[in-house]
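Structure data (CSV, C-alpha atoms) from entry36.csv:
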chain,number,residue,atom,x,y,z
A,1,MET,CA,13.6,-8.6,-29.4
A,2,LEU,CA,10.6,-8.7,-31.7
A,3,LEU,CA,8.4,-10.0,-29.0
A,4,THR,CA,9.7,-7.4,-26.5
A,5,SER,CA,8.8,-4.7,-28.9
A,6,VAL,CA,5.3,-6.1,-29.5
A,7,ILE,CA,4.5,-6.5,-25.8
A,8,LEU,CA,6.0,-3.1,-24.9
A,9,VAL,CA,4.1,-1.2,-27.6
A,10,LEU,CA,0.9,-3.2,-27.1
A,11,ARG,CA,0.8,-2.4,-23.3
A,12,GLU,CA,1.0,1.3,-24.0
A,13,VAL,CA,-1.3,1.4,-27.1
A,14,LEU,CA,-4.0,-0.7,-25.3
A,15,GLU,CA,-4.7,1.9,-22.7
A,16,ALA,CA,-5.1,4.7,-25.2
A,17,ALA,CA,-7.1,2.5,-27.6
A,18,LEU,CA,-9.5,1.6,-24.9
A,19,LEU,CA,-10.2,5.2,-24.1
A,20,VAL,CA,-10.6,6.1,-27.7
A,21,SER,CA,-13.1,3.2,-28.2
A,22,ILE,CA,-15.2,4.1,-25.1
A,23,LEU,CA,-15.3,7.8,-26.1
A,24,SER,CA,-16.1,7.0,-29.7
A,25,ALA,CA,-18.9,4.7,-28.7
A,26,LEU,CA,-20.4,7.5,-26.5
A,27,SER,CA,-19.9,10.0,-29.3
A,28,ALA,CA,-21.8,7.8,-31.6
A,29,VAL,CA,-24.6,7.2,-29.1
A,30,HIS,CA,-24.9,11.0,-28.7
A,31,GLY,CA,-24.6,11.9,-32.3
A,32,ILE,CA,-21.3,13.7,-31.9
A,33,SER,CA,-19.1,13.6,-34.9
A,34,ARG,CA,-15.8,11.8,-34.4
A,35,GLY,CA,-13.5,14.3,-36.2
A,36,TRP,CA,-11.8,15.1,-32.8
A,37,ILE,CA,-10.1,11.7,-32.7
A,38,GLY,CA,-7.6,12.5,-35.4
A,39,TRP,CA,-6.7,15.8,-33.8
A,40,ALA,CA,-6.4,14.3,-30.4
A,41,LEU,CA,-4.1,11.5,-31.6
A,42,ALA,CA,-1.9,13.9,-33.6
A,43,GLY,CA,-1.7,16.4,-30.7
A,44,GLY,CA,-0.9,13.5,-28.3
A,45,PHE,CA,1.8,12.3,-30.6
A,46,LEU,CA,3.5,15.7,-30.8
A,47,ALA,CA,3.2,16.2,-27.0
A,48,ALA,CA,4.7,12.7,-26.5
A,49,LEU,CA,7.6,13.6,-28.7
A,50,GLY,CA,8.1,16.9,-26.7
A,51,PHE,CA,7.8,15.1,-23.4
A,52,GLY,CA,10.2,12.3,-24.5
A,53,TYR,CA,12.7,14.8,-25.8
A,54,SER,CA,12.7,16.7,-22.5
A,55,ILE,CA,12.5,13.7,-20.2
A,56,ASP,CA,16.2,14.2,-19.3
A,57,THR,CA,15.4,17.6,-17.9
A,58,VAL,CA,12.1,16.6,-16.4
A,59,SER,CA,13.6,13.6,-14.6
A,60,VAL,CA,15.9,15.8,-12.4
A,61,TRP,CA,13.0,18.0,-11.2
A,62,PHE,CA,11.9,17.6,-7.5
A,63,ASP,CA,15.2,15.9,-6.5
A,64,GLY,CA,15.0,13.3,-9.2
A,65,VAL,CA,11.3,12.3,-9.1
A,66,GLY,CA,10.1,14.7,-11.8
A,67,GLN,CA,9.2,11.8,-14.1
A,68,GLU,CA,6.8,10.3,-11.5
A,69,VAL,CA,5.4,13.7,-10.5
A,70,SER,CA,4.7,14.9,-14.1
A,71,SER,CA,3.2,11.5,-15.1
A,72,ALA,CA,1.0,11.6,-12.0
A,73,ALA,CA,-0.1,15.1,-12.9
A,74,MET,CA,-1.0,13.9,-16.4
A,75,GLN,CA,-3.0,11.0,-14.9
A,76,PHE,CA,-4.9,13.4,-12.5
A,77,ALA,CA,-5.5,15.8,-15.4
A,78,ILE,CA,-7.0,13.0,-17.5
A,79,TYR,CA,-9.2,12.1,-14.5
A,80,LEU,CA,-10.3,15.7,-14.2
A,81,PHE,CA,-11.3,15.9,-17.9
A,82,MET,CA,-13.2,12.6,-17.5
A,83,ALA,CA,-15.1,14.0,-14.5
A,84,VAL,CA,-16.1,17.0,-16.6
A,85,PHE,CA,-17.0,14.7,-19.5
A,86,ILE,CA,-19.2,12.4,-17.3
A,87,TYR,CA,-21.1,15.4,-16.1
A,88,LEU,CA,-21.6,17.0,-19.5
A,89,ILE,CA,-22.8,13.8,-21.1
A,90,ARG,CA,-25.6,13.3,-18.6
A,91,VAL,CA,-27.1,16.8,-18.8
A,92,PRO,CA,-29.3,17.5,-21.8
A,93,ALA,CA,-28.1,19.5,-24.8
A,94,GLY,CA,-29.1,23.2,-24.6
A,95,SER,CA,-29.6,23.3,-20.9
A,96,GLY,CA,-26.5,25.3,-20.5
A,97,GLY,CA,-24.6,22.1,-19.8
A,98,ARG,CA,-23.9,20.0,-22.8
A,99,ASN,CA,-22.4,21.4,-25.9
A,100,ALA,CA,-21.0,19.2,-28.6
A,101,ALA,CA,-18.0,21.5,-29.3
A,102,VAL,CA,-17.1,21.6,-25.6
A,103,MET,CA,-17.5,17.9,-25.3
A,104,LYS,CA,-15.2,17.3,-28.3
A,105,VAL,CA,-12.5,19.4,-26.8
A,106,VAL,CA,-12.8,17.6,-23.4
A,107,MET,CA,-12.7,14.2,-25.2
A,108,ALA,CA,-9.7,15.3,-27.3
A,109,MET,CA,-7.9,16.4,-24.2
A,110,ILE,CA,-8.5,13.0,-22.5
A,111,VAL,CA,-7.1,11.1,-25.5
A,112,ALA,CA,-4.2,13.5,-26.2
A,113,LEU,CA,-3.1,13.4,-22.6
A,114,ALA,CA,-3.4,9.6,-22.5
A,115,VAL,CA,-1.3,9.3,-25.7
A,116,THR,CA,1.3,11.7,-24.3
A,117,ARG,CA,1.6,9.7,-21.1
A,118,GLU,CA,1.8,6.3,-22.8
A,119,GLY,CA,3.4,7.3,-26.0
A,120,PHE,CA,6.6,8.9,-24.6
A,121,GLU,CA,7.8,5.6,-23.3
A,122,VAL,CA,7.4,4.0,-26.7
A,123,LEU,CA,9.2,6.9,-28.4
A,124,VAL,CA,12.1,6.8,-25.9
A,125,TYR,CA,12.4,3.1,-26.5
A,126,LEU,CA,12.4,3.5,-30.3
A,127,PHE,CA,14.9,6.3,-30.3
A,128,GLY,CA,17.2,4.1,-28.2
A,129,PHE,CA,17.6,1.9,-31.3
A,130,PHE,CA,18.2,4.7,-33.9
A,131,ALA,CA,21.9,4.0,-33.9
A,132,ASN,CA,21.4,0.4,-34.9
A,133,LEU,CA,19.5,0.2,-38.2
A,134,LYS,CA,19.2,-3.6,-38.3
A,135,GLN,CA,17.8,-3.7,-34.7
A,136,LEU,CA,15.6,-0.7,-35.4
A,137,LEU,CA,13.8,-2.5,-38.3
A,138,VAL,CA,13.0,-5.5,-36.1
A,139,ILE,CA,11.8,-3.2,-33.3
A,140,LEU,CA,9.6,-1.2,-35.8
A,141,VAL,CA,8.0,-4.4,-37.1
A,142,GLY,CA,7.3,-5.4,-33.5
A,143,ALA,CA,5.9,-1.9,-32.7
A,144,GLY,CA,3.7,-2.2,-35.8
A,145,ILE,CA,2.3,-5.6,-34.7
A,146,GLY,CA,1.8,-4.3,-31.1
A,147,THR,CA,0.0,-1.2,-32.4
A,148,GLY,CA,-2.1,-3.4,-34.7
A,149,ILE,CA,-3.2,-5.7,-31.9
A,150,GLY,CA,-3.9,-2.7,-29.6
A,151,ILE,CA,-6.0,-1.0,-32.2
A,152,SER,CA,-7.9,-4.2,-33.0
A,153,THR,CA,-8.7,-4.8,-29.4
A,154,GLY,CA,-10.0,-1.2,-29.2
A,155,ALA,CA,-12.1,-1.7,-32.3
A,156,LEU,CA,-13.5,-4.9,-30.9
A,157,ILE,CA,-14.5,-3.2,-27.7
A,158,TYR,CA,-16.0,-0.3,-29.7
A,159,TYR,CA,-18.1,-2.7,-31.8
A,160,LEU,CA,-19.2,-4.7,-28.7
A,161,LEU,CA,-20.3,-1.4,-27.1
A,162,ARG,CA,-22.1,-0.3,-30.3
A,163,SER,CA,-23.8,-3.6,-30.9
A,164,ALA,CA,-25.6,-3.4,-27.6
A,165,PRO,CA,-29.0,-1.6,-27.4
A,166,ARG,CA,-28.6,2.2,-27.0
A,167,GLY,CA,-29.3,2.2,-23.2
A,168,TRP,CA,-27.0,-0.7,-22.4
A,169,SER,CA,-24.3,0.7,-24.6
A,170,GLN,CA,-24.4,4.0,-22.8
A,171,VAL,CA,-24.5,2.6,-19.3
A,172,THR,CA,-21.7,0.1,-20.1
A,173,SER,CA,-19.5,2.8,-21.7
A,174,LEU,CA,-20.0,5.1,-18.7
A,175,LEU,CA,-19.2,2.3,-16.2
A,176,LEU,CA,-16.1,1.4,-18.1
A,177,LEU,CA,-15.1,5.1,-18.1
A,178,VAL,CA,-15.6,5.2,-14.3
A,179,LEU,CA,-13.4,2.1,-13.9
A,180,VAL,CA,-10.7,3.5,-16.2
A,181,ALA,CA,-10.8,6.8,-14.3
A,182,ALA,CA,-10.5,4.9,-10.9
A,183,GLY,CA,-7.5,3.1,-12.3
A,184,LEU,CA,-5.9,6.3,-13.4
A,185,SER,CA,-6.4,7.8,-10.0
A,186,SER,CA,-4.8,4.8,-8.2
A,187,GLN,CA,-1.9,4.8,-10.8
A,188,ALA,CA,-1.3,8.4,-10.0
A,189,ALA,CA,-1.2,7.7,-6.3
A,190,GLN,CA,1.2,4.8,-7.0
A,191,LEU,CA,3.5,7.2,-8.9
A,192,LEU,CA,3.5,9.6,-6.0
A,193,ILE,CA,4.3,6.7,-3.6
A,194,GLN,CA,7.2,5.8,-5.9
A,195,ALA,CA,8.3,9.5,-5.7
A,196,ASP,CA,8.1,9.3,-1.9
A,197,TRP,CA,5.5,12.1,-1.9
A,198,LEU,CA,2.9,9.7,-0.5
A,199,PRO,CA,3.8,7.3,2.3
A,200,ALA,CA,4.6,3.7,1.3
A,201,GLN,CA,2.7,0.9,3.0
A,202,LEU,CA,2.6,-2.8,2.9
A,203,PRO,CA,0.2,-4.2,0.4
A,204,LEU,CA,-3.4,-4.9,1.5
A,205,TRP,CA,-3.5,-8.2,-0.4
A,206,ASP,CA,-1.6,-10.2,-3.0
A,207,SER,CA,-3.7,-11.6,-5.8
A,208,SER,CA,-0.7,-12.2,-8.1
A,209,SER,CA,-1.1,-16.0,-7.8
A,210,VAL,CA,-4.7,-15.7,-9.1
A,211,ILE,CA,-4.1,-13.1,-11.8
A,212,ALA,CA,-0.4,-12.1,-12.4
A,213,GLU,CA,0.0,-8.5,-13.6
A,214,ASP,CA,2.3,-9.6,-16.4
A,215,SER,CA,-0.2,-12.2,-17.8
A,216,VAL,CA,-2.4,-11.4,-20.7
A,217,THR,CA,-5.5,-11.2,-18.5
A,218,GLY,CA,-3.6,-9.1,-16.0
A,219,GLN,CA,-2.5,-6.6,-18.7
A,220,LEU,CA,-6.1,-6.4,-20.1
A,221,LEU,CA,-7.5,-5.9,-16.7
A,222,TYR,CA,-4.8,-3.3,-16.0
A,223,ALA,CA,-5.9,-1.3,-19.0
A,224,LEU,CA,-9.6,-1.9,-18.4
A,225,ILE,CA,-10.0,-1.4,-14.6
A,226,GLY,CA,-6.5,-0.5,-13.4
A,227,TYR,CA,-5.9,-4.0,-12.0
A,228,GLU,CA,-3.1,-4.1,-9.4
A,229,SER,CA,-2.2,-7.4,-7.7
A,230,THR,CA,-0.6,-5.9,-4.6
A,231,PRO,CA,-2.3,-2.5,-3.9
A,232,THR,CA,-1.6,-0.5,-0.7
A,233,ALA,CA,-4.4,1.1,1.3
A,234,ILE,CA,-3.6,4.5,-0.2
A,235,GLN,CA,-3.9,3.1,-3.8
A,236,ALA,CA,-7.2,1.3,-2.9
A,237,GLY,CA,-8.4,4.6,-1.4
A,238,PHE,CA,-7.6,6.5,-4.5
A,239,TYR,CA,-9.2,3.8,-6.6
A,240,PHE,CA,-12.5,3.5,-4.8
A,241,GLY,CA,-12.6,7.3,-4.0
A,242,GLY,CA,-11.9,8.0,-7.6
A,243,ALA,CA,-14.7,5.7,-8.7
A,244,ALA,CA,-17.2,7.0,-6.1
A,245,LEU,CA,-16.5,10.7,-7.1
A,246,MET,CA,-17.2,9.9,-10.8
A,247,LEU,CA,-20.4,8.1,-9.9
A,248,MET,CA,-21.5,11.0,-7.7
A,249,ILE,CA,-20.8,13.5,-10.5
A,250,SER,CA,-22.8,11.3,-12.9
A,251,ALA,CA,-25.7,11.0,-10.4
A,252,SER,CA,-25.7,14.8,-9.7
A,253,ALA,CA,-25.9,15.4,-13.5
A,254,TRP,CA,-28.8,13.0,-13.7
A,255,LEU,CA,-30.7,14.7,-10.8
A,256,TYR,CA,-30.0,18.1,-12.4
A,257,THR,CA,-31.5,16.7,-15.7
A,258,ARG,CA,-34.6,15.4,-14.0
A,259,LYS,CA,-35.1,18.8,-12.3
A,260,TYR,CA,-34.5,20.6,-15.5
A,261,ARG,CA,-37.0,18.4,-17.4
A,262,HIS,CA,-39.6,18.8,-14.7
A,263,GLY,CA,-39.0,22.5,-14.5
A,264,THR,CA,-39.8,23.1,-18.2
B,1,MET,CA,-22.1,23.1,7.7
B,2,ILE,CA,-19.3,25.3,8.9
B,3,SER,CA,-18.3,22.7,11.5
B,4,LEU,CA,-18.2,20.1,8.8
B,5,GLN,CA,-16.0,22.3,6.7
B,6,ARG,CA,-13.7,23.0,9.7
B,7,ARG,CA,-13.5,19.3,10.5
B,8,LEU,CA,-12.6,18.6,6.8
B,9,ALA,CA,-10.0,21.3,6.9
B,10,ALA,CA,-8.6,19.9,10.2
B,11,CYS,CA,-8.4,16.5,8.5
B,12,ILE,CA,-6.5,17.9,5.5
B,13,VAL,CA,-4.1,19.7,7.8
B,14,ALA,CA,-3.6,16.5,9.8
B,15,LEU,CA,-3.0,14.5,6.7
B,16,ALA,CA,-0.5,17.1,5.4
B,17,LEU,CA,1.4,17.1,8.7
B,18,THR,CA,1.6,13.3,8.7
B,19,GLY,CA,2.9,13.5,5.1
B,20,ALA,CA,5.5,16.0,6.1
B,21,ALA,CA,6.5,14.0,9.1
B,22,VAL,CA,6.9,10.9,7.0
B,23,THR,CA,9.0,12.8,4.5
B,24,ALA,CA,11.1,14.5,7.1
B,25,GLN,CA,12.0,11.3,9.0
B,26,ALA,CA,15.6,10.1,9.1
B,27,GLU,CA,17.4,9.7,5.8
B,28,LYS,CA,16.6,6.4,4.0
B,29,PRO,CA,19.4,3.9,3.4
B,30,VAL,CA,20.8,4.3,-0.1
B,31,PHE,CA,21.5,1.4,-2.5
B,32,GLU,CA,23.1,1.5,-5.9
B,33,ILE,CA,22.7,-0.5,-9.0
B,34,GLU,CA,24.3,-0.1,-12.4
B,35,ILE,CA,23.1,-1.0,-15.9
B,36,ARG,CA,26.0,-2.1,-18.1
B,37,ASN,CA,25.5,-3.7,-21.5
B,38,HIS,CA,21.8,-4.2,-20.7
B,39,LEU,CA,22.7,-6.1,-17.5
B,40,PHE,CA,22.1,-5.1,-13.9
B,41,TRP,CA,25.2,-5.0,-11.6
B,42,PRO,CA,24.7,-6.4,-9.1
B,43,SER,CA,21.7,-8.4,-10.3
B,44,GLU,CA,20.9,-9.3,-6.7
B,45,LEU,CA,20.4,-6.6,-4.1
B,46,VAL,CA,19.8,-7.4,-0.4
B,47,ILE,CA,18.0,-4.7,1.5
B,48,PRO,CA,16.5,-4.6,5.0
B,49,ALA,CA,12.9,-5.7,5.2
B,50,GLY,CA,10.3,-3.3,6.5
B,51,THR,CA,12.4,-0.2,5.6
B,52,LYS,CA,12.0,2.3,2.8
B,53,VAL,CA,15.2,2.5,0.8
B,54,LYS,CA,16.4,4.9,-1.9
B,55,LEU,CA,17.6,3.0,-4.9
B,56,LEU,CA,20.0,4.8,-7.3
B,57,VAL,CA,20.1,3.2,-10.7
B,58,THR,CA,22.8,4.4,-13.0
B,59,ASN,CA,22.5,3.5,-16.6
B,60,GLN,CA,26.1,3.3,-18.0
B,61,ASP,CA,24.8,2.3,-21.4
B,62,PRO,CA,24.3,5.0,-24.1
B,63,THR,CA,20.7,3.8,-24.7
B,64,PRO,CA,17.7,4.3,-22.5
B,65,GLU,CA,16.3,1.6,-20.2
B,66,GLU,CA,13.2,1.3,-18.2
B,67,PHE,CA,13.4,-0.1,-14.7
B,68,GLU,CA,10.3,-2.1,-14.1
B,69,SER,CA,9.0,-4.5,-11.5
B,70,TYR,CA,5.4,-5.8,-11.0
B,71,GLU,CA,6.3,-7.1,-7.6
B,72,LEU,CA,7.7,-3.8,-6.4
B,73,ASN,CA,5.2,-1.8,-8.3
B,74,ARG,CA,7.8,0.3,-9.9
B,75,GLU,CA,8.4,1.7,-13.4
B,76,LYS,CA,10.8,4.4,-14.4
B,77,VAL,CA,12.6,5.4,-17.6
B,78,ILE,CA,16.3,5.9,-17.2
B,79,MET,CA,18.1,7.6,-20.1
B,80,GLY,CA,21.6,6.6,-21.2
B,81,GLN,CA,24.4,7.9,-18.9
B,82,ARG,CA,21.9,9.0,-16.2
B,83,THR,CA,21.1,8.0,-12.7
B,84,ALA,CA,17.5,7.6,-11.5
B,85,VAL,CA,16.2,7.8,-8.0
B,86,ILE,CA,13.6,5.1,-7.1
B,87,PHE,CA,12.2,4.7,-3.6
B,88,ILE,CA,11.2,1.1,-2.7
B,89,GLY,CA,9.7,-0.5,0.3
B,90,PRO,CA,9.0,-1.0,3.1
B,91,LEU,CA,8.9,-4.6,1.9
B,92,ALA,CA,7.9,-7.9,3.6
B,93,PRO,CA,10.8,-10.4,3.7
B,94,GLY,CA,11.0,-12.1,0.3
B,95,GLU,CA,12.2,-11.9,-3.3
B,96,TYR,CA,11.1,-9.2,-5.7
B,97,PRO,CA,12.2,-9.6,-9.3
B,98,PHE,CA,12.8,-6.5,-11.5
B,99,PHE,CA,13.8,-6.2,-15.1
B,100,GLY,CA,14.7,-3.7,-17.8
B,101,GLU,CA,11.6,-3.4,-20.0
B,102,PHE,CA,13.6,-2.3,-23.0
B,103,HIS,CA,16.0,-5.3,-22.8
B,104,PRO,CA,14.1,-7.9,-20.7
B,105,ARG,CA,16.0,-10.9,-21.9
B,106,THR,CA,19.3,-9.8,-20.3
B,107,ALA,CA,18.4,-7.1,-17.9
B,108,GLN,CA,17.0,-9.1,-15.0
B,109,GLY,CA,17.6,-8.8,-11.3
B,110,ARG,CA,15.9,-9.1,-7.9
B,111,VAL,CA,15.7,-7.4,-4.7
B,112,ILE,CA,15.9,-9.6,-1.6
B,113,ALA,CA,14.3,-8.2,1.5
B,114,LYS,CA,15.7,-9.8,4.7
As structure tokens - that is how I would like this structure written.
Amino acid sequence: MLLTSVILVLREVLEAALLVSILSALSAVHGISRGWIGWALAGGFLAALGFGYSIDTVSVWFDGVGQEVSSAAMQFAIYLFMAVFIYLIRVPAGSGGRNAAVMKVVMAMIVALAVTREGFEVLVYLFGFFANLKQLLVILVGAGIGTGIGISTGALIYYLLRSAPRGWSQVTSLLLLVLVAAGLSSQAAQLLIQADWLPAQLPLWDSSSVIAEDSVTGQLLYALIGYESTPTAIQAGFYFGGAALMLMISASAWLYTRKYRHGT
Amino acid sequence: MISLQRRLAACIVALALTGAAVTAQAEKPVFEIEIRNHLFWPSELVIPAGTKVKLLVTNQDPTPEEFESYELNREKVIMGQRTAVIFIGPLAPGEYPFFGEFHPRTAQGRVIAK
């Protein structure tokens, strides 16, 4: 039971921790203060509580697929904020584009939504044990360990990103962000397939014998690049389309910056 | 430019229609599973291969459970005393394990597509 709790919490914490570490690394590179993180985590926690509390109601929406649809909507919203972020971070400050305050709000929204989406499952799980105090204690210890490992992994990635030279750090962080966004987009498509809103297809390939999704590597890759061992064409389309769109937005911001610099 | 936009619009409409057609096709076969004392009943479910089916999972326990399967690519929280709708398939013939993420030691099962 301890191990179950560790793994369950770790899986959820890992995704949010990864986002926080990438965004903090980018904040540091761009000299943006990191006060937004506390607010984002607190806001996300409260929203997760609210979402977990109302999951009974949400679940019956849309003929019983409200849970999938609302989760997918959150994933798409995170993607959207990431797209805004990746544009803002590439245009220079003061050009009418970048603004530290706006960027902090955008980053806070990304993290808060991610915490809501991942956190509600953990909270529902924990609340399920409230009637049994002895079990709850074990579960809480496990949750603490899982959270610890997740945060440590996030911290490790943060320091790896920060230890690289500025240019490398920036490019790597942005690329990671593009991959995380692509993963979110394909996960959202997957949820809509589960809800029967998007057609189901046979998988394009099966790489589970190479990297199983429930292995440590699989879980890390899932959080990092949205790894999926048996993706369908629609999921792959959302993945690569999602990545391409982010790269295009980033490139257009870069072109805009060049024009702006040459213009002044 | 306009023709490109029109073409794009036509594509979107076509996609939407395909989606509607897929959704509107004949009712999917329904299968039911229960969760009792953190166990799946039945723990083995045989479904037709190559067909999308509607799985109704009723959690008879007072505590929540999460239906999860890496092989089926499914994940859904089911509160205590509630029934969840989960669409699965079309599947190639084979075995697809699933488990309850909140009680994975006991809550184990598999879908067999034939």
- Task: Counting all atoms listed in the file, figure out which residue out of A:Met74, A:Ile7, A:Leu179, A:Ala112 gets nearest to chain B.
- Result: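 Smallest separation from chain B among the options: A:Ile7.
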- Within 9 Å of chain B, which residues of chain A are there when counting all atoms listed in the file? Please give them as a ChimeraX atom specification. /A:1,4-5,8,55-56,59-60,63-65,67-68,121,124-125,127-129,190-191,193-203,208,212-214,228-231
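We find atom CA of Glu34 of chain B and atom CA of Thr58 of chain B to be spaced 4.8 Å apart.
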- Task: Pick out the residues sitting within 10 Å of Pro42 of chain B, and hand them over as a list in words; count all atoms listed in the file, and ignore anything fewer than 4 positions along from it in its own chain.
- Result: Glu32, Ile33, Glu34, Ile35, Gly109 and Arg110 of chain B
- Task: Identify the residues within 9 Å of coordinate (-12.0, 2.4, -19.8) (same frame as the file), considering all atoms listed in the file, and give the answer as a ChimeraX atom specification.
- Result: /A:15,18-23,173-181,183,223-226
- Task: Please write as a PyMOL selection string the list of polymer residues whose atoms come within 8 Å of (-24.8, 18.0, -16.6), counting all atoms listed in the file and keeping to the coordinates of the file.
- Result: chain A and resi 86-92+97-98+250+252-254+256-257
- Message: as a list in words, please: the residues near Thr153 of chain A (cut-off 9 Å, all atoms listed in the file, same-chain neighbours under 4 positions excluded).
- Response: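 These residues fall inside the cut-off: Leu14, Ala17, Leu18, Gly148, Ile149, Ile157 and Tyr158 of chain A.
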Write a file of the selected residues as an mmCIF file, keeping the file's coordinate frame, keeping C-alpha atoms.
data_model
loop_
_atom_site.group_PDB
_atom_site.id
_atom_site.type_symbol
_atom_site.label_atom_id
_atom_site.label_comp_id
_atom_site.auth_asym_id
_atom_site.auth_seq_id
_atom_site.Cartn_x
_atom_site.Cartn_y
_atom_site.Cartn_z
ATOM 1 C CA LEU A 14 -4.000 -0.700 -25.300
ATOM 2 C CA ALA A 17 -7.100 2.500 -27.600
ATOM 3 C CA LEU A 18 -9.500 1.600 -24.900
ATOM 4 C CA GLY A 148 -2.100 -3.400 -34.700
ATOM 5 C CA ILE A 149 -3.200 -5.700 -31.900
ATOM 6 C CA ILE A 157 -14.500 -3.200 -27.700
ATOM 7 C CA TYR A 158 -16.000 -0.300 -29.700
#
- Considering all atoms listed in the file, state which residue in the set B:Gln81, B:Glu95, B:Asn37, B:Val111 is at the smallest distance from Leu55 of chain B. B:Val111
- Note on the structure: Using only C-alpha atoms, the residue out of A:Thr172, A:Val216, A:Gly237, A:Ser163 with shortest distance to Leu204 of chain A is A:Gly237
- Message: Just the number, please: distance in Å from atom CA of Phe240 of chain A to atom CA of Tyr227 of chain A, one decimal.
- Response: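 So the answer is 12.3 Å.
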- Query: Can you list, as a PyMOL selection string, every protein, DNA or RNA residue that comes within 6 Å of segment 137-145 of chain A when you count all atoms listed in the file, leaving out same-chain residues fewer than 6 positions away?
  - Reply: chain A and resi 2+5-6+9
Given the selection you just returned, output its residues as a file containing C-alpha atoms, formatted as a PDB file, in the coordinates of the input.
ATOM      1  CA  LEU A   2      10.600  -8.700 -31.700  1.00  0.00           C
ATOM      2  CA  SER A   5       8.800  -4.700 -28.900  1.00  0.00           C
ATOM      3  CA  VAL A   6       5.300  -6.100 -29.500  1.00  0.00           C
ATOM      4  CA  VAL A   9       4.100  -1.200 -27.600  1.00  0.00           C
TER       5      VAL A   9
END
- Item | Separation of atom CA of Phe99 of chain B from atom CA of Trp61 of chain A, in Å and rounded to one decimal |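 A separation of 24.5 Å between them.
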- Message: I'd like the neighbourhood of segment 40-49 of chain A as a PyMOL selection string, where a residue qualifies if any of its atoms comes within 7 Å (using all atoms listed in the file), though same-chain residues fewer than 5 positions away should be ignored.
- Response: chain A and resi 108-109+111-113+115-117+119-120+123
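Closest approach to Ala113 of chain B from the set B:Leu56, B:Lys28, B:Phe67, B:Glu44 is made by B:Glu44, with distances taken over all atoms listed in the file.
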- Query: Nearest to Val46 of chain B among B:Phe98, B:Glu68, B:Gln108, B:Phe31, with distances taken over all atoms listed in the file: which residue is it?
  - Reply: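 Ranking B:Phe98, B:Glu68, B:Gln108, B:Phe31 by distance to Val46 of chain B, first place goes to B:Phe31.
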